[in-house]
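*Asks:* Supplied in structure tokens, the structure appears directly below.
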Amino acid sequence: LGIYLQGVAGAAPDLPMSYAELEARGSAAMDPAVLGYVAGGAGDESTQIANVDAFGQYGLMPRMLVGAAQRDLSIDLVGLRLPSPLLLAPVGVLGVVAEDGDLATARAAAATGVPMIASTLSEAPLERVREEQGGTPGLFQLYPPADRALAESLVGRAEAAGYSAIVITLDTWINGWRPRDLERAYLPMLQGLCLANYLTDPRFRALLAESGGTGGEAAVRLWASLFGNPTMTWDDLAWFRSLTSLPILLKGVCDPDDAKRALDGGMNGIVCSNHGGRQANGGIPAIDCLEPVVAAADGAPVVFDSGVRSGVDVVKALGLGATAVAIGRPYVHGLAVAGQRGVEHVVRSLLAEADLTMAVDGYRDVAALRGEIRRR
Ligand code: FNR
């Protein structure tokens with residue numbers, strides 16, 4: 001409605017209204033190394049492309065005369081009552097995309113009520129990121145490091161800072177084969193714009209002092225040696241559980257047996273995601289994994305991400321059983337185009353499109369969408 005009224009006053013929106021335009025303007029706004037990092041994926045990027053294309057196989061059946069004048073997009077997620085089913089997926093190194101990228105994104109979360117899953121790899125410490133999220137709840141994403149005491153410290157800080165849940169990412173204990181980043185030797189990472197949570201951590205600082213290293217390069221080297229934990233197995237679930245009394249969701253689960261195992265092991269939810277095709281190439285599209293994971297989760301929360309590009313995609317994922325849907329690259333492009341305002345624009349556009357789709361197709365709330373997605 002805001003846009004129609006603007007039109008009456010003779011003004012058109014200055015921000016993109018289609019994903020193609022958002023991507024084009026976002027890409028033009030980023031320098032080539034940053035764009036390679038944001039837009040790049042594993043191998044020839046066929047999984048990343050398939051993630052997006054696979055949404056085309058699904059469609060919602062329109063229903064008429066159901067009185068959908070008022071829609072309710074609110075949801076419950078791990079004890080949180082949220083006004084909409086959208087989340088901002090954890091994206092590391094946002095500081096290379098825009099000035100104060102993490103804080104700008106956090107402010108957009110505050111302004112829209114859409115929770116941000118704050119990445120371990122941020123330019124601002126997790127406490128500052130949480131502060132900027134204001135009254136909107138936040139989740140903290142942990143890349144479990146090789147040092148257990150460091151993981152314990154990071155999770156303890158997140159709990160103390162007021163995050164409402166922990167998302168543990170399982171699929172990045174080692175970096176995938178990502179040509180666009182390899183060609184540039186992971187330059188954005190090495191600029192050190194993602195180490196704030198480590199450099200402000202007492203355990204990391206103690207390890208740095210022990211290593212005898214000084215200066216930025218020593219910190220980057222220590223971080224690189226600790227970043228991923230290659231020995232992690234299902235046996236670590238009990239330890240994950242012992243880290244916090246906050247709800248824990250495991251991210252990167254695409255197999256129903258893995259989902260069941262996580263939930264049986266005391267986890268509170270799943271993030272069904274293939275990391276946007278950035279980690280492994282050659283996999284099946286993430287959206288095709290969603291229904292079996294939802295069935296295995298048997299009522300436990302399942303957040304979906306990977307390939308969501310529109311409000312219609314949000315509706316489709318909800319109809320396939322997702323409790324909530326997270327966006328990654330779309331809001332990063334918004335951030336590149338117009339900072340906080342760009343992220344807010346992307347969030348509001350996706351939500352408006354999802355809401356209008358439910359209106360036109362005759363679905364009043366998220367529960368009504370369940371099971372109504374047909375495969376072509
Ligand atoms: C990510 N993703 C990610 N995931 C995570 O758990 N921690 C992180 O720090 C990051 N960092 C990151 C950086 C960039 C540039 C991208 C694009 C993605 C993965 C992210 O949370 C999500 O799974 C994907 O973005 C989903 O894919 P699409 O929809 O963005 O293609």
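Identifiers in the structure tokens: chain A, B, ... in order shown; residue index from 1 per chain; ligand index from 1 in order shown.
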Excluding Ala322 (chain A) and any residue of its chain fewer than 4 positions from it, enumerate the residues within 9 Å of it, using only C-alpha atoms, and give them as a PDB file with N, CA and C atoms, in the first residue's frame.
*Replies:*
```pdb
ATOM      1  N   CYS A 272      17.211 -27.149   8.282  1.00  0.00           N
ATOM      2  CA  CYS A 272      17.389 -27.936   7.054  1.00  0.00           C
ATOM      3  C   CYS A 272      17.991 -26.994   6.009  1.00  0.00           C
ATOM      4  N   LEU A 290      13.281 -31.069   2.403  1.00  0.00           N
ATOM      5  CA  LEU A 290      12.511 -30.508   3.522  1.00  0.00           C
ATOM      6  C   LEU A 290      11.400 -31.428   4.031  1.00  0.00           C
ATOM      7  N   GLU A 291      10.559 -31.944   3.122  1.00  0.00           N
ATOM      8  CA  GLU A 291       9.413 -32.740   3.589  1.00  0.00           C
ATOM      9  C   GLU A 291       9.833 -33.957   4.410  1.00  0.00           C
ATOM     10  N   VAL A 294      10.970 -32.795   7.821  1.00  0.00           N
ATOM     11  CA  VAL A 294       9.812 -32.390   8.640  1.00  0.00           C
ATOM     12  C   VAL A 294       9.106 -33.633   9.187  1.00  0.00           C
ATOM     13  N   PRO A 301      10.581 -28.165  15.741  1.00  0.00           N
ATOM     14  CA  PRO A 301      10.782 -27.078  14.780  1.00  0.00           C
ATOM     15  C   PRO A 301      11.812 -27.402  13.690  1.00  0.00           C
ATOM     16  N   VAL A 302      11.462 -27.038  12.473  1.00  0.00           N
ATOM     17  CA  VAL A 302      12.397 -27.163  11.348  1.00  0.00           C
ATOM     18  C   VAL A 302      12.447 -25.814  10.640  1.00  0.00           C
ATOM     19  N   VAL A 303      13.606 -25.176  10.706  1.00  0.00           N
ATOM     20  CA  VAL A 303      13.816 -23.934   9.955  1.00  0.00           C
ATOM     21  C   VAL A 303      14.407 -24.355   8.608  1.00  0.00           C
ATOM     22  N   PHE A 304      13.982 -23.682   7.541  1.00  0.00           N
ATOM     23  CA  PHE A 304      14.538 -24.014   6.221  1.00  0.00           C
ATOM     24  C   PHE A 304      15.323 -22.833   5.663  1.00  0.00           C
ATOM     25  N   LYS A 316       6.023 -21.488  -0.104  1.00  0.00           N
ATOM     26  CA  LYS A 316       6.197 -22.895  -0.501  1.00  0.00           C
ATOM     27  C   LYS A 316       6.897 -23.686   0.601  1.00  0.00           C
ATOM     28  N   ALA A 317       7.943 -23.115   1.182  1.00  0.00           N
ATOM     29  CA  ALA A 317       8.668 -23.832   2.239  1.00  0.00           C
ATOM     30  C   ALA A 317       7.766 -24.040   3.454  1.00  0.00           C
ATOM     31  N   LEU A 318       6.955 -23.053   3.776  1.00  0.00           N
ATOM     32  CA  LEU A 318       6.025 -23.210   4.901  1.00  0.00           C
ATOM     33  C   LEU A 318       5.010 -24.307   4.587  1.00  0.00           C
ATOM     34  N   ARG A 370      -0.118 -25.817   5.338  1.00  0.00           N
ATOM     35  CA  ARG A 370       0.512 -27.128   5.506  1.00  0.00           C
ATOM     36  C   ARG A 370      -0.120 -28.183   4.597  1.00  0.00           C
TER      37      ARG A 370
END
```
*Asks:* Within 9 Å of ligand 1, which residues show up when you count only C-alpha atoms and all ligand atoms? List them as a PyMOL selection string, please.
*Replies:* chain A and resi 34-41+48-49+51-52+88-94+117-122+141-143+167-172+251-252+271-278+304-309+326-332
*Asks:* Using only C-alpha atoms, can you tell me which of A:Ser46, A:Asn229, A:Ser18, A:Gln340 comes closest to Asp100 (chain A)?
*Replies:*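 Smallest separation from Asp100 (chain A) among the options: A:Gln340.
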*Asks:* Please identify all polymer residues within 7 Å of region 144-147 of chain A, counting only C-alpha atoms, omitting same-chain residues fewer than 4 positions from it, and present them as a count of residues only.
*Replies:* 5
*Asks:* Between A:Asp288, A:Glu23, A:Glu131, A:Asp14, single out the one closest to Phe55 (chain A), counting only C-alpha atoms.
*Replies:*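 Closest to Phe55 (chain A) of all the choices is A:Asp288.
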*Asks:* Using only C-alpha atoms, which protein or nucleic acid residues come within 10 Å of Arg71 (chain A)? Drop anything in the same chain fewer than 4 positions from it, and give the result as a PDB file with N, CA and C atoms, in the first residue's frame.
*Replies:*
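Saved file out_27.pdb follows:
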```pdb
ATOM      1  N   GLY A  67     -12.518 -16.114   2.475  1.00  0.00           N
ATOM      2  CA  GLY A  67     -12.501 -14.997   3.432  1.00  0.00           C
ATOM      3  C   GLY A  67     -11.120 -14.778   4.004  1.00  0.00           C
ATOM      4  N   ASP A 355       2.564 -12.512   2.023  1.00  0.00           N
ATOM      5  CA  ASP A 355       1.221 -12.194   2.522  1.00  0.00           C
ATOM      6  C   ASP A 355       0.221 -12.078   1.370  1.00  0.00           C
ATOM      7  N   LEU A 356       0.625 -11.387   0.290  1.00  0.00           N
ATOM      8  CA  LEU A 356      -0.285 -11.223  -0.852  1.00  0.00           C
ATOM      9  C   LEU A 356      -0.559 -12.558  -1.533  1.00  0.00           C
ATOM     10  N   MET A 358      -0.648 -15.455  -0.061  1.00  0.00           N
ATOM     11  CA  MET A 358      -1.623 -16.160   0.780  1.00  0.00           C
ATOM     12  C   MET A 358      -3.013 -15.562   0.606  1.00  0.00           C
ATOM     13  N   ALA A 359      -3.077 -14.241   0.439  1.00  0.00           N
ATOM     14  CA  ALA A 359      -4.382 -13.584   0.234  1.00  0.00           C
ATOM     15  C   ALA A 359      -5.013 -14.062  -1.070  1.00  0.00           C
ATOM     16  N   GLY A 362      -5.905 -17.676  -1.009  1.00  0.00           N
ATOM     17  CA  GLY A 362      -6.928 -18.079  -0.040  1.00  0.00           C
ATOM     18  C   GLY A 362      -6.432 -18.884   1.144  1.00  0.00           C
ATOM     19  N   TYR A 363      -5.304 -18.478   1.722  1.00  0.00           N
ATOM     20  CA  TYR A 363      -4.796 -19.160   2.924  1.00  0.00           C
ATOM     21  C   TYR A 363      -4.624 -18.105   4.022  1.00  0.00           C
ATOM     22  N   ARG A 364      -5.317 -18.317   5.121  1.00  0.00           N
ATOM     23  CA  ARG A 364      -5.358 -17.271   6.140  1.00  0.00           C
ATOM     24  C   ARG A 364      -4.172 -17.263   7.092  1.00  0.00           C
ATOM     25  N   ASP A 365      -3.595 -18.428   7.296  1.00  0.00           N
ATOM     26  CA  ASP A 365      -2.466 -18.463   8.224  1.00  0.00           C
ATOM     27  C   ASP A 365      -1.506 -19.591   7.828  1.00  0.00           C
ATOM     28  N   VAL A 366      -0.408 -19.664   8.554  1.00  0.00           N
ATOM     29  CA  VAL A 366       0.641 -20.617   8.200  1.00  0.00           C
ATOM     30  C   VAL A 366       0.128 -22.050   8.331  1.00  0.00           C
TER      31      VAL A 366
END
```
*Asks:* From the options A:Ile166, A:Leu86, A:Ala111, A:Leu193, which residue's atoms come nearest to Val315 (chain A), counting only C-alpha atoms?
*Replies:*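 For Val315 (chain A), the nearest of the given residues is A:Leu86.
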*Asks:* Can you tell me, as a VMD selection string, what residues are no more than 9 Å from Ala12 (chain A) when counting only C-alpha atoms, ignoring any on the same chain fewer than 6 positions away?
*Replies:* chain A and resid 3 to 4 6
*Asks:* Could the residues in this selection be written to a file with C-alpha atoms, as a compact mmCIF listing (two decimals), in the first residue's frame?
*Replies:*
```txt
# COMPACT_ATOMS: atom_id res chain seq x y z
CA ILE A 3 4.24 1.93 -2.67
CA TYR A 4 0.84 2.55 -4.31
CA GLN A 6 3.96 6.81 -3.26
```
*Asks:* Taking the DSSP secondary structure from the backbone, can you list the residues of region 6-252 of chain A that are alpha helix (DSSP H), as a count of residues only?
*Replies:* 105
*Asks:* Quick one: DSSP strand (DSSP E) residues in region 34-104 of chain A, as an MDAnalysis selection string?
*Replies:* chainID A and resid 58:60 75:77 80:82 86:88
*Asks:* At a cut-off of 6 Å, using only C-alpha atoms, what residues contact region 333-336 of chain A? Leave out same-chain residues fewer than 4 positions from it and give the result as a list in words.
*Replies:*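 The residues satisfying every condition are Gly26, Ala29, Val97, Ala98, Gly342 and Val343 of chain A.
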*Asks:* Take the residues that were just selected and, keeping N, CA and C atoms, output them as a short mmCIF file (atom, residue, chain, number, x, y, z; two decimals), in the first residue's frame.
*Replies:*
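Generated output (selection-v8.cif):
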```
data_model
loop_
_atom_site.label_atom_id
_atom_site.label_comp_id
_atom_site.auth_asym_id
_atom_site.auth_seq_id
_atom_site.Cartn_x
_atom_site.Cartn_y
_atom_site.Cartn_z
N GLY A 26 22.95 -5.28 -6.33
CA GLY A 26 23.84 -5.72 -5.24
C GLY A 26 25.20 -6.09 -5.79
N ALA A 29 27.28 -3.19 -6.67
CA ALA A 29 27.72 -2.39 -5.52
C ALA A 29 28.90 -3.03 -4.78
N VAL A 97 30.74 -6.29 3.22
CA VAL A 97 29.66 -5.96 2.28
C VAL A 97 29.25 -4.50 2.44
N ALA A 98 29.20 -4.04 3.67
CA ALA A 98 28.83 -2.64 3.94
C ALA A 98 29.48 -2.24 5.25
N GLY A 342 18.42 -1.21 2.97
CA GLY A 342 18.32 -2.25 1.94
C GLY A 342 17.87 -3.58 2.55
N VAL A 343 18.41 -3.91 3.73
CA VAL A 343 18.00 -5.17 4.38
C VAL A 343 16.51 -5.08 4.75
#
```
*Asks:* Considering only C-alpha atoms, can you say which of A:Arg376, A:Cys254, A:Ala368, A:Thr244 comes closest to Pro285 (chain A)?
*Replies:*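 Looking at the shortest contact to Pro285 (chain A), the residue is A:Cys254.
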*Asks:* Just how far from CA of Ala54 (chain A) is CA of Arg374 (chain A), in Å to one decimal?
*Replies:*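 One can read the CA of Arg374 (chain A) to CA of Ala54 (chain A) distance as 12.9 Å.
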*Asks:* Just to confirm, what's the straight-line distance from CA of Asp31 (chain A) to CA of Ala338 (chain A) in Å (one decimal)?
*Replies:*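 Interatomic distance, CA of Asp31 (chain A) to CA of Ala338 (chain A): 14.8 Å.
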*Asks:* Could you check the closest approach to Asp44 (chain A) for each of A:Gly269, A:Pro230, A:Pro179, A:Pro256 and tell me which residue wins, using only C-alpha atoms?
*Replies:*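 The shortest atom-to-atom distance to Asp44 (chain A) comes from A:Pro179.
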